[in-house]
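S.K.: What follows is query.txt; its format and atoms are compact mmCIF, C-alpha atoms.
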# COMPACT_ATOMS: atom_id res chain seq x y z
CA MET B 5 -19.64 18.97 5.62
CA GLY B 6 -16.83 16.78 4.39
CA PRO B 7 -15.01 15.91 2.26
CA LEU B 8 -13.57 19.39 2.69
CA ILE B 9 -11.40 19.88 -0.41
CA PRO B 10 -13.92 18.54 -3.00
CA ASN B 11 -16.64 20.62 -1.32
CA GLY B 12 -14.48 23.74 -1.67
CA LEU B 13 -14.14 24.32 2.08
CA ILE B 14 -10.32 24.28 1.89
CA PRO B 15 -8.67 26.23 -0.94
CA THR B 16 -6.87 23.90 -3.36
CA GLU B 17 -3.61 25.77 -2.74
CA TRP B 18 -3.39 23.82 0.51
CA ASN B 19 -3.58 20.52 -1.36
CA PHE B 20 0.11 19.70 -1.47
CA ILE B 21 0.86 20.78 2.08
CA ILE B 22 -1.95 18.57 3.34
CA ALA B 23 -0.66 15.72 1.14
CA LEU B 24 2.82 16.13 2.62
CA ILE B 25 1.51 16.09 6.21
CA ILE B 26 -0.74 13.07 5.61
CA GLY B 27 2.18 11.24 3.97
CA PHE B 28 4.38 12.13 6.95
CA PHE B 29 2.02 10.44 9.40
CA PHE B 30 1.52 7.50 7.00
CA GLY B 31 5.28 6.92 6.80
CA PHE B 32 5.77 7.36 10.54
CA ILE B 33 3.01 4.87 11.43
CA LEU B 34 4.25 2.28 8.91
CA GLU B 35 7.87 2.52 10.08
CA ALA B 36 7.01 2.52 13.78
CA SER B 37 4.85 -0.58 13.23
CA GLY B 38 7.86 -2.37 11.73
CA PHE B 39 6.82 -2.26 8.09
CA SER B 40 10.25 -1.12 6.94
CA SER B 41 11.45 -4.67 7.65
CA SER B 42 10.73 -7.21 4.90
CA ARG B 43 11.29 -10.09 7.29
CA LYS B 44 8.66 -8.75 9.66
CA LEU B 45 6.20 -8.25 6.80
CA MET B 46 6.74 -11.79 5.50
CA GLY B 47 5.94 -13.24 8.93
CA VAL B 48 2.26 -13.13 8.04
CA PHE B 49 2.82 -15.78 5.33
CA TYR B 50 4.91 -18.11 7.51
CA GLY B 51 3.09 -17.62 10.80
CA TYR B 52 5.91 -16.14 12.87
CA ASP B 53 4.65 -12.54 12.94
CA PHE B 54 1.13 -11.30 12.21
CA ALA B 55 1.78 -7.55 12.38
CA VAL B 56 0.64 -7.11 8.74
CA LEU B 57 -2.71 -8.80 9.37
CA LYS B 58 -3.29 -6.92 12.63
CA VAL B 59 -2.31 -3.46 11.41
CA PHE B 60 -4.07 -3.86 8.07
CA PHE B 61 -7.37 -5.24 9.35
CA THR B 62 -7.48 -2.91 12.37
CA ALA B 63 -6.93 0.06 10.07
CA ALA B 64 -9.61 -1.15 7.63
CA ALA B 65 -12.15 -1.77 10.41
CA VAL B 66 -11.47 1.56 12.19
CA SER B 67 -11.64 3.56 8.97
CA VAL B 68 -14.79 1.96 7.56
CA ILE B 69 -16.64 2.23 10.90
CA GLY B 70 -15.46 5.83 11.34
CA LEU B 71 -16.37 6.94 7.81
CA TYR B 72 -19.85 5.39 7.90
CA TYR B 73 -20.44 6.81 11.38
CA MET B 74 -19.44 10.29 10.22
CA ASP B 75 -21.84 9.87 7.31
CA TYR B 76 -24.57 8.85 9.76
CA LEU B 77 -23.88 11.99 11.82
CA ASN B 78 -23.99 14.12 8.64
CA TRP B 79 -20.39 15.27 9.09
CA LEU B 80 -19.44 13.69 5.80
CA ASP B 81 -21.21 12.78 2.58
CA ILE B 82 -20.04 9.23 1.91
CA SER B 83 -21.38 9.31 -1.65
CA LYS B 84 -18.77 11.98 -2.43
CA LEU B 85 -15.84 9.78 -1.45
CA TYR B 86 -13.81 8.13 -4.19
CA VAL B 87 -14.70 4.47 -4.52
CA HIS B 88 -12.03 2.44 -6.27
CA PRO B 89 -13.61 1.18 -9.55
CA THR B 90 -14.09 -2.56 -9.95
CA TYR B 91 -12.64 -4.15 -13.07
CA LEU B 92 -13.16 -7.74 -12.01
CA TRP B 93 -10.43 -9.60 -13.90
CA ALA B 94 -7.89 -6.79 -13.72
CA ALA B 95 -8.36 -6.68 -9.93
CA ILE B 96 -7.82 -10.45 -9.66
CA ILE B 97 -4.89 -10.84 -12.08
CA GLY B 98 -3.22 -7.64 -10.84
CA GLY B 99 -3.58 -8.91 -7.27
CA VAL B 100 -2.12 -12.32 -8.17
CA ILE B 101 0.93 -10.72 -9.79
CA MET B 102 1.33 -8.40 -6.79
CA GLY B 103 1.07 -11.41 -4.45
CA ILE B 104 4.00 -13.15 -6.17
CA GLY B 105 5.95 -9.88 -6.22
CA PHE B 106 5.24 -9.42 -2.51
CA LEU B 107 6.73 -12.84 -1.63
CA ALA B 108 9.72 -12.44 -3.95
CA GLY B 109 10.53 -8.85 -3.01
CA GLY B 110 9.37 -8.70 0.60
CA PHE B 111 7.71 -5.30 0.32
CA CYS B 112 4.74 -3.51 -1.17
CA PRO B 113 5.19 0.03 -2.60
CA GLY B 114 4.33 2.00 0.57
CA THR B 115 6.45 -0.15 2.84
CA SER B 116 9.40 -0.08 0.42
CA LEU B 117 9.42 3.73 0.63
CA THR B 118 9.76 3.51 4.41
CA ALA B 119 12.62 1.01 3.95
CA VAL B 120 14.33 3.45 1.55
CA ALA B 121 13.98 6.17 4.20
CA ILE B 122 15.98 4.20 6.78
CA GLY B 123 18.70 3.09 4.38
CA LYS B 124 17.67 -0.46 3.47
CA ILE B 125 19.45 -1.28 0.22
CA ASP B 126 16.97 -4.09 -0.55
CA GLY B 127 14.22 -1.46 -0.28
CA ILE B 128 16.02 0.81 -2.74
CA VAL B 129 16.51 -2.03 -5.25
CA TYR B 130 12.86 -3.04 -4.83
CA THR B 131 11.71 0.54 -5.52
CA ILE B 132 13.82 0.65 -8.69
CA GLY B 133 12.12 -2.64 -9.63
CA LEU B 134 8.70 -1.05 -9.08
CA MET B 135 9.53 1.72 -11.52
CA LEU B 136 10.81 -0.82 -14.06
CA GLY B 137 7.56 -2.79 -13.67
CA ILE B 138 5.50 0.35 -14.27
CA PHE B 139 7.69 1.16 -17.29
CA ILE B 140 7.21 -2.35 -18.77
CA PHE B 141 3.44 -2.12 -18.24
CA SER B 142 3.30 1.27 -19.98
CA GLU B 143 5.39 0.10 -22.94
CA PHE B 144 3.17 -2.94 -23.45
CA PHE B 145 -0.01 -0.96 -22.73
CA PRO B 146 -1.44 -1.29 -26.28
CA ILE B 147 -1.37 -5.10 -25.90
CA ILE B 148 -2.68 -5.07 -22.31
CA GLU B 149 -5.34 -2.37 -22.83
CA PRO B 150 -8.26 -4.64 -23.93
CA PHE B 151 -7.79 -6.75 -20.80
CA PHE B 152 -7.23 -3.63 -18.67
CA LEU B 153 -10.63 -2.22 -19.68
CA LYS B 154 -12.55 -5.51 -19.60
CA SER B 155 -15.17 -6.63 -17.05
CA TYR B 156 -15.92 -3.10 -15.75
CA LEU B 157 -18.54 -3.19 -13.01
CA GLY B 158 -18.47 0.49 -12.02
CA HIS B 159 -17.61 2.20 -8.73
CA ILE B 160 -19.44 -0.45 -6.74
CA THR B 161 -19.27 -1.30 -3.04
CA LEU B 162 -19.89 -4.61 -1.30
CA ALA B 163 -23.33 -3.26 -0.35
CA ASP B 164 -24.17 -3.10 -4.08
CA SER B 165 -22.57 -6.46 -4.84
CA PHE B 166 -24.39 -8.37 -2.10
CA GLY B 167 -27.50 -6.20 -2.02
CA ILE B 168 -27.49 -5.79 1.75
CA SER B 169 -27.02 -2.81 4.07
CA PRO B 170 -23.43 -1.52 4.38
CA TYR B 171 -23.85 -1.62 8.18
CA TRP B 172 -24.29 -5.39 8.08
CA ILE B 173 -21.18 -5.73 5.93
CA ILE B 174 -19.15 -3.61 8.35
CA PHE B 175 -20.46 -5.68 11.26
CA ILE B 176 -19.56 -8.98 9.55
CA PHE B 177 -16.16 -7.65 8.47
CA THR B 178 -15.36 -6.60 12.05
CA ILE B 179 -16.31 -10.04 13.39
CA ILE B 180 -14.10 -11.70 10.74
CA ALA B 181 -11.20 -9.42 11.72
CA VAL B 182 -11.50 -10.23 15.44
CA VAL B 183 -11.72 -13.98 14.74
CA ALA B 184 -8.67 -13.72 12.45
CA PHE B 185 -6.70 -11.94 15.22
CA TYR B 186 -7.62 -14.70 17.67
CA PHE B 187 -6.44 -17.51 15.36
CA ALA B 188 -3.34 -15.56 14.35
CA ASP B 189 -2.17 -15.60 17.98
CA ILE B 190 -2.83 -19.34 18.30
CA ILE B 191 -0.86 -20.05 15.11
CA ARG B 192 2.00 -17.80 16.15
CA ASN B 193 2.42 -19.65 19.43
CA ARG B 194 2.77 -22.95 17.57
CA VAL B 195 5.20 -21.80 14.89
CA LYS B 196 8.96 -21.82 15.44
CA LYS B 197 10.19 -18.35 16.28
CA VAL B 198 12.22 -16.53 13.66
CA PHE B 199 14.69 -13.87 14.78
CA TYR B 200 15.44 -11.02 12.46
CA MET F 11 23.03 4.59 26.30
CA GLU F 12 24.35 2.32 23.57
CA LYS F 13 22.52 -0.60 25.17
CA ILE F 14 19.23 1.28 25.26
CA LYS F 15 19.61 2.10 21.61
CA LYS F 16 20.31 -1.51 20.70
CA THR F 17 17.25 -2.86 22.49
CA LYS F 18 14.97 -0.14 21.14
CA ARG F 19 15.94 -1.00 17.58
CA HIS F 20 13.71 -4.07 17.53
CA VAL F 21 10.82 -2.66 19.50
CA TYR F 22 7.92 -1.73 17.29
CA TRP F 23 4.51 -0.38 18.16
CA ASN F 24 1.76 -2.70 19.25
CA PRO F 25 0.15 -3.65 15.90
CA TYR F 26 -3.36 -2.77 17.13
CA PHE F 27 -2.13 0.68 18.17
CA GLY F 28 -0.46 1.20 14.78
CA GLY F 29 -3.54 -0.09 12.99
CA PHE F 30 -5.84 2.16 15.01
CA LEU F 31 -3.76 5.25 14.19
CA LEU F 32 -3.59 4.23 10.53
CA GLY F 33 -7.38 3.86 10.51
CA LEU F 34 -7.77 7.36 11.96
CA LEU F 35 -5.36 8.70 9.35
CA ILE F 36 -7.43 7.13 6.56
CA ILE F 37 -10.56 8.79 8.00
CA VAL F 38 -8.82 12.18 8.10
CA THR F 39 -7.51 11.68 4.56
CA PHE F 40 -10.98 10.88 3.18
CA TYR F 41 -12.54 13.70 5.22
CA LEU F 42 -10.10 16.25 3.82
CA SER F 43 -9.44 15.05 0.27
CA GLY F 44 -12.33 12.72 -0.56
CA ARG F 45 -9.77 10.04 -1.49
CA GLY F 46 -7.69 7.49 0.36
CA LEU F 47 -3.97 6.90 0.73
CA GLY F 48 -1.69 5.76 -2.07
CA ALA F 49 1.90 4.80 -2.74
CA SER F 50 2.48 3.32 -6.19
CA GLY F 51 0.89 6.35 -7.91
CA ALA F 52 3.87 8.52 -6.95
CA LEU F 53 6.28 6.07 -8.59
CA LYS F 54 4.12 6.08 -11.71
CA SER F 55 4.45 9.88 -11.80
CA GLY F 56 8.21 9.40 -11.54
CA VAL F 57 8.27 6.98 -14.48
CA VAL F 58 6.05 9.25 -16.60
CA THR F 59 8.33 12.21 -15.84
CA ILE F 60 11.49 10.31 -16.78
CA VAL F 61 10.02 9.01 -20.05
CA ASP F 62 8.59 12.43 -20.88
CA THR F 63 12.03 14.00 -20.36
CA VAL F 64 14.02 11.38 -22.30
CA ALA F 65 11.55 10.75 -25.12
CA PRO F 66 8.74 13.35 -25.10
CA ASN F 67 7.29 12.24 -28.45
CA HIS F 68 7.07 8.66 -27.33
CA ALA F 69 5.35 9.68 -24.07
CA GLU F 70 2.73 11.71 -25.92
CA THR F 71 1.86 8.94 -28.36
CA ASN F 72 1.81 6.13 -25.80
CA GLY F 73 -1.75 5.45 -24.65
CA TYR F 74 -0.78 5.12 -20.98
CA TYR F 75 1.79 7.89 -20.34
CA SER F 76 -0.32 10.38 -22.28
CA GLN F 77 -3.18 9.99 -19.76
CA PHE F 78 -0.97 11.58 -17.09
CA LEU F 79 0.56 14.38 -19.16
CA LYS F 80 -0.86 17.88 -19.07
CA ASP F 81 0.32 20.93 -20.97
CA ASN F 82 2.73 23.15 -19.06
CA GLU F 83 2.52 21.09 -15.91
CA SER F 84 4.94 18.49 -14.64
CA PRO F 85 3.47 15.05 -13.77
CA MET F 86 5.40 15.43 -10.49
CA ASN F 87 3.00 18.23 -9.53
CA ASN F 88 0.66 15.73 -8.03
CA TRP F 89 -1.01 14.95 -4.67
CA LEU F 90 0.48 11.43 -4.49
CA VAL F 91 4.04 12.63 -5.14
CA PHE F 92 3.84 15.02 -2.19
CA GLU F 93 2.28 12.29 -0.08
CA ALA F 94 5.17 9.92 -0.96
CA LEU F 95 7.72 12.60 0.01
CA GLY F 96 5.89 12.87 3.33
CA VAL F 97 6.06 9.07 3.75
CA ILE F 98 9.83 9.14 3.36
CA LEU F 99 10.20 12.04 5.83
CA GLY F 100 7.90 10.43 8.41
CA ALA F 101 9.60 7.04 8.15
CA PHE F 102 13.00 8.72 8.43
CA LEU F 103 11.96 10.46 11.66
CA SER F 104 10.55 7.24 13.14
CA GLY F 105 13.75 5.39 12.19
CA ALA F 106 15.93 8.17 13.60
CA LEU F 107 14.12 8.17 16.95
CA THR F 108 14.67 4.42 17.36
CA GLY F 109 18.20 4.16 15.95
CA ARG F 110 17.17 2.13 12.92
CA ILE F 111 18.84 4.26 10.25
CA LYS F 112 21.72 2.37 8.68
CA TRP F 113 22.84 1.32 5.20
CA ARG F 114 22.23 -2.39 5.05
CA VAL F 115 20.71 -5.30 3.15
CA GLN F 116 18.30 -7.22 5.33
CA HIS F 117 18.03 -10.92 4.54
CA SER F 118 17.68 -14.34 6.08
CA PRO F 119 21.04 -15.81 7.20
CA LYS F 120 20.33 -18.70 4.80
CA ILE F 121 20.71 -16.55 1.67
CA THR F 122 23.35 -14.10 0.43
CA SER F 123 22.86 -10.35 0.09
CA LYS F 124 23.19 -10.75 -3.66
CA LYS F 125 20.36 -13.27 -3.83
CA ARG F 126 18.21 -10.99 -1.65
CA LEU F 127 18.80 -8.04 -3.99
CA VAL F 128 18.08 -10.07 -7.14
CA PHE F 129 14.77 -11.21 -5.66
CA ALA F 130 13.99 -7.67 -4.45
CA LEU F 131 14.39 -6.42 -8.02
CA ILE F 132 12.23 -9.20 -9.50
CA GLY F 133 9.61 -8.70 -6.80
CA GLY F 134 9.54 -4.96 -7.40
CA ILE F 135 9.08 -5.42 -11.15
CA LEU F 136 6.18 -7.83 -10.62
CA PHE F 137 4.53 -5.65 -7.97
CA GLY F 138 4.87 -2.51 -10.07
CA PHE F 139 3.40 -4.29 -13.09
CA GLY F 140 0.54 -5.85 -11.09
CA ALA F 141 -0.30 -2.55 -9.38
CA GLN F 142 -0.87 -0.93 -12.78
CA ILE F 143 -3.23 -3.72 -13.89
CA ALA F 144 -5.23 -3.50 -10.66
CA ARG F 145 -5.09 0.34 -10.73
CA GLY F 146 -3.50 0.53 -7.30
CA CYS F 147 -1.42 -1.33 -4.74
CA THR F 148 -1.95 -2.50 -1.18
CA SER F 149 -2.51 1.12 -0.08
CA GLY F 150 -4.44 2.68 -2.95
CA ALA F 151 -6.55 -0.28 -4.05
CA ALA F 152 -6.78 -2.65 -1.09
CA LEU F 153 -6.63 -0.52 2.08
CA SER F 154 -8.29 2.66 0.80
CA GLY F 155 -10.79 0.57 -1.16
CA MET F 156 -11.76 -1.45 1.90
CA ALA F 157 -12.27 1.77 3.92
CA VAL F 158 -15.23 2.66 1.66
CA LEU F 159 -16.26 -0.98 1.05
CA ALA F 160 -15.17 -0.87 -2.62
CA THR F 161 -15.69 -4.33 -4.09
CA GLY F 162 -12.55 -4.04 -6.21
CA GLY F 163 -10.49 -3.22 -3.10
CA PHE F 164 -11.62 -6.39 -1.35
CA ILE F 165 -11.01 -8.51 -4.45
CA THR F 166 -7.49 -7.13 -4.89
CA MET F 167 -6.74 -7.61 -1.19
CA LEU F 168 -7.89 -11.26 -1.32
CA ALA F 169 -5.93 -11.85 -4.55
CA ILE F 170 -2.70 -10.39 -3.10
CA PHE F 171 -2.82 -12.24 0.21
CA GLY F 172 -4.36 -15.44 -1.21
CA THR F 173 -1.60 -15.67 -3.82
CA GLY F 174 0.92 -14.81 -1.11
CA TYR F 175 -0.09 -17.87 0.89
CA LEU F 176 0.05 -20.07 -2.21
CA ALA F 177 3.46 -18.70 -3.22
CA ALA F 178 4.89 -18.81 0.33
CA TYR F 179 6.03 -22.42 -0.07
CA PHE F 180 8.21 -21.62 -3.09
CA PHE F 181 9.92 -18.65 -1.45
CA ARG F 182 10.34 -20.18 2.02
CA LYS F 183 14.14 -20.41 1.81
CA ASN F 184 14.33 -16.66 1.33
CA TRP F 185 12.52 -15.89 4.56
CA ILE F 186 12.63 -18.71 7.11
Let me see whether you can do it: turn the structure in this file into structure tokens.

M.R.:
Amino acid sequence: MGPLIPNGLIPTEWNFIIALIIGFFFGFILEASGFSSSRKLMGVFYGYDFAVLKVFFTAAAVSVIGLYYMDYLNWLDISKLYVHPTYLWAAIIGGVIMGIGFLAGGFCPGTSLTAVAIGKIDGIVYTIGLMLGIFIFSEFFPIIEPFFLKSYLGHITLADSFGISPYWIIFIFTIIAVVAFYFADIIRNRVKKVFY
Amino acid sequence: MEKIKKTKRHVYWNPYFGGFLLGLLIIVTFYLSGRGLGASGALKSGVVTIVDTVAPNHAETNGYYSQFLKDNESPMNNWLVFEALGVILGAFLSGALTGRIKWRVQHSPKITSKKRLVFALIGGILFGFGAQIARGCTSGAALSGMAVLATGGFITMLAIFGTGYLAAYFFRKNWI
């Protein structure tokens, strides 16, 4: 039963080869979907291209349905999967800063790596910026640390937060995604086309 | 042949197809490793390695770098670093197959390359900083978090995209 590496079913020596192969497919899918182009990514904020919304929400819906279904079939123990911890205010403020960085820079870290791979100089400069940002954070860590560790709510899921079954949340999330796709197409047809 | 190459350059996958494959990849990743995908973590390993090489004493006493330093083992010896190398290889192959590999600065015709690069640097700094506060970026916190219904992943996703829509007005000249 999965997850295979934490359950000792794959020797840890294979770790890095598996990581390399997973990364390979991740990079290929992102690039082939057009995520190496900052102008395509930014379309989601101006209404001329909704690839980000469609790829992102389709991936989230497919993965959450698949993982919970595999848990239901006893192929996977969902309680053994890593749940990103919730530090309420750090998640919000970090997200806000990332949102401004996204609009200014045109990439997020994964997509900028794919831009670097195909020779985009803006992607290379952005990636250098990422490393500078991480450096600045680390140097100011003693000042930021109290905020960084504040409002810790544990490794909680939406099922814990709302106190309802995860299946209902997945169902509602999927409906929201489909409705969002529908309105995205309506908006796109009304917005002036941008060629890039 | 040249014409085929030129038209292919702007043809990307159907976003639902790409999203479906990405969803399957996330399932496989969790099934194998118990964790999701990530991107900014590899760059953090890079920064820790550089600081540890240039100023090892400083890295050991700093409360953040020191969390990622182990005796006798390089911080580059890490799952996310290998994953990021894979990302670059995979993207390179996809770009090569469609004729998209070229040195260039991509920007709106309304702005200069220089302005684009200045904003790319500022944007990168902000995103790198924000990703440390939120303990992950769009891949590690938002996408992989949402795949297991992590509350923090949803909050970070809403904060990134919500702020994006609010900030879009101020950056419109850079993109449209």

S.K.: Counting only C-alpha atoms, which residues have an atom no more than 8 Å from (5.9, -1.6, -2.8) in the file's coordinates? Please list them as an mmCIF file with C-alpha atoms, keeping the file's coordinate frame.

M.R.:
data_model
loop_
_atom_site.group_PDB
_atom_site.id
_atom_site.type_symbol
_atom_site.label_atom_id
_atom_site.label_comp_id
_atom_site.auth_asym_id
_atom_site.auth_seq_id
_atom_site.Cartn_x
_atom_site.Cartn_y
_atom_site.Cartn_z
ATOM 1 C CA PHE B 106 5.240 -9.420 -2.510
ATOM 2 C CA PHE B 111 7.710 -5.300 0.320
ATOM 3 C CA CYS B 112 4.740 -3.510 -1.170
ATOM 4 C CA PRO B 113 5.190 0.030 -2.600
ATOM 5 C CA GLY B 114 4.330 2.000 0.570
ATOM 6 C CA THR B 115 6.450 -0.150 2.840
ATOM 7 C CA SER B 116 9.400 -0.080 0.420
ATOM 8 C CA LEU B 117 9.420 3.730 0.630
ATOM 9 C CA TYR B 130 12.860 -3.040 -4.830
ATOM 10 C CA THR B 131 11.710 0.540 -5.520
ATOM 11 C CA LEU B 134 8.700 -1.050 -9.080
ATOM 12 C CA ALA F 49 1.900 4.800 -2.740
ATOM 13 C CA SER F 50 2.480 3.320 -6.190
ATOM 14 C CA GLY F 134 9.540 -4.960 -7.400
ATOM 15 C CA PHE F 137 4.530 -5.650 -7.970
ATOM 16 C CA GLY F 138 4.870 -2.510 -10.070
ATOM 17 C CA CYS F 147 -1.420 -1.330 -4.740
#

S.K.: Given the choices B:Leu13, B:Glu35, B:His88, B:Asn19, which gets closest to His20 of chain F if the distance is worked out from all atoms listed in the file?

M.R.: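 Going through B:Leu13, B:Glu35, B:His88, B:Asn19 one by one, the smallest distance to His20 of chain F is for B:Glu35.
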
S.K.: Give me the residues near Gly133 of chain F as a list in words, where near means some atom within 8 Å (using all atoms listed in the file) and where sequence neighbours in that chain fewer than 2 positions away do not count.

M.R.: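 In the requested form, the answer reads Ile104, Gly105, Phe106, Leu107, Ala108, Gly109, Gly110, Tyr130 and Gly133 of chain B; Phe129, Ala130, Leu131, Ile135, Leu136 and Phe137 of chain F.
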
S.K.: Mind checking which residues fall within 8 Å of segment 33-46 of chain F, counting only C-alpha atoms, ignoring those fewer than 4 positions away in the same chain, and posting them as number ranges by chain?

M.R.: B: 6-10, 26, 29-30, 62-67, 70-71, 80, 84-86; F: 29, 150, 154-155, 157

S.K.: For Ile165 of chain F, find every residue with an atom within 7 Å (counting only C-alpha atoms), except residues of its own chain fewer than 4 positions away, and show them as a list in words.

M.R.: Ala95 and Ile96 of chain B; Thr161 and Ala169 of chain F

S.K.: Report, in Å to a single decimal, how far apart atom CA of Arg126 of chain F and atom CA of Leu107 of chain F are.

M.R.: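 According to the coordinates, atom CA of Leu107 of chain F and atom CA of Arg126 of chain F are separated by 27.0 Å.
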
S.K.: Within 9 Å of segment 141-161 of chain B, which residues of segment 26-114 of chain B show up? Give each one with its shortest atom-to-atom distance in Å (one decimal) and the two atoms involved, counting only C-alpha atoms, rows by chain then rising residue number, as a Markdown table.

M.R.:
| residue | atom | partner | partner_atom | distance |
| --- | --- | --- | --- | --- |
| B:Tyr86 | CA | B:His159 | CA | 8.4 |
| B:Val87 | CA | B:His159 | CA | 5.6 |
| B:His88 | CA | B:His159 | CA | 6.1 |
| B:Pro89 | CA | B:His159 | CA | 4.2 |
| B:Thr90 | CA | B:Leu157 | CA | 5.4 |
| B:Tyr91 | CA | B:Tyr156 | CA | 4.4 |
| B:Leu92 | CA | B:Ser155 | CA | 5.5 |
| B:Trp93 | CA | B:Ser155 | CA | 6.4 |
| B:Ala94 | CA | B:Phe152 | CA | 5.9 |

S.K.: Given the choices F:Ala141, F:Lys112, F:His117, F:Leu32, which gets closest to Val120 of chain B if the distance is worked out from only C-alpha atoms?

M.R.: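 Selected residue with least distance to Val120 of chain B: F:Lys112.
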
S.K.: Could you write out as lines of an AutoDock Vina configuration file the box around segment 179-192 of chain B (axis-aligned, all atoms listed in the file, 6 Å on each side), with centre and edge lengths in Å to one decimal?

M.R.:
center_x = -7.2
center_y = -14.7
center_z = 14.5
size_x = 30.3
size_y = 22.6
size_z = 19.6

S.K.: Near Ile190 of chain B, counting all atoms listed in the file, which residues have an atom at most 12 Å away, once you skip same-chain residues fewer than 6 positions from it, shown as number ranges by chain?

M.R.: B: 51-54, 183-184

S.K.: Would you compute the distance between atom CA of Ser118 of chain F and atom CA of Gly105 of chain F? Give it in Å to one decimal.

M.R.: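 If I compute the distance from atom CA of Ser118 of chain F to atom CA of Gly105 of chain F, I get 21.0 Å.
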
S.K.: Could you jot down the atom CA of Phe171 of chain F to atom CA of Leu31 of chain F separation for me, Å, one decimal place?

M.R.: 22.4 Å

S.K.: If you count only C-alpha atoms, which residues fall within 8 Å of Val100 of chain B, apart from same-chain ones fewer than 6 positions away, as an MDAnalysis selection string?

M.R.: chainID F and resid 140 169:170 172:173

S.K.: With all atoms listed in the file counted, which protein, DNA or RNA residues have an atom no more than 8 Å from (3.2, 10.6, -12.3) in the file frame? Please answer as a list in words.

M.R.: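 Residues with an atom at most 8 Å from (3.2, 10.6, -12.3): Gly51, Ala52, Leu53, Lys54, Ser55, Gly56, Val57, Val58, Thr59, Phe78, Pro85, Met86, Asn88 and Val91 of chain F.
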
S.K.: Please determine, counting only C-alpha atoms, which residue among B:Ile14, B:Ala121, B:Ile180, B:Leu45 has the shortest atom-to-atom distance to chain F.

M.R.: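 Going through B:Ile14, B:Ala121, B:Ile180, B:Leu45 one by one, the smallest distance to chain F is for B:Ala121.
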
S.K.: Go through B:Ile179, B:Ile69, B:Ala23, B:Ile173 and flag the residue nearest chain F, using all atoms listed in the file for the distances.

M.R.: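 When distances to chain F are compared using all atoms listed in the file, the smallest one comes from B:Ala23.
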
S.K.: Return the single residue from F:Leu159, F:Leu47, F:Ile121, F:Ile132 that is closest to Leu90 of chain F, with distances computed using all atoms listed in the file.

M.R.: F:Leu47
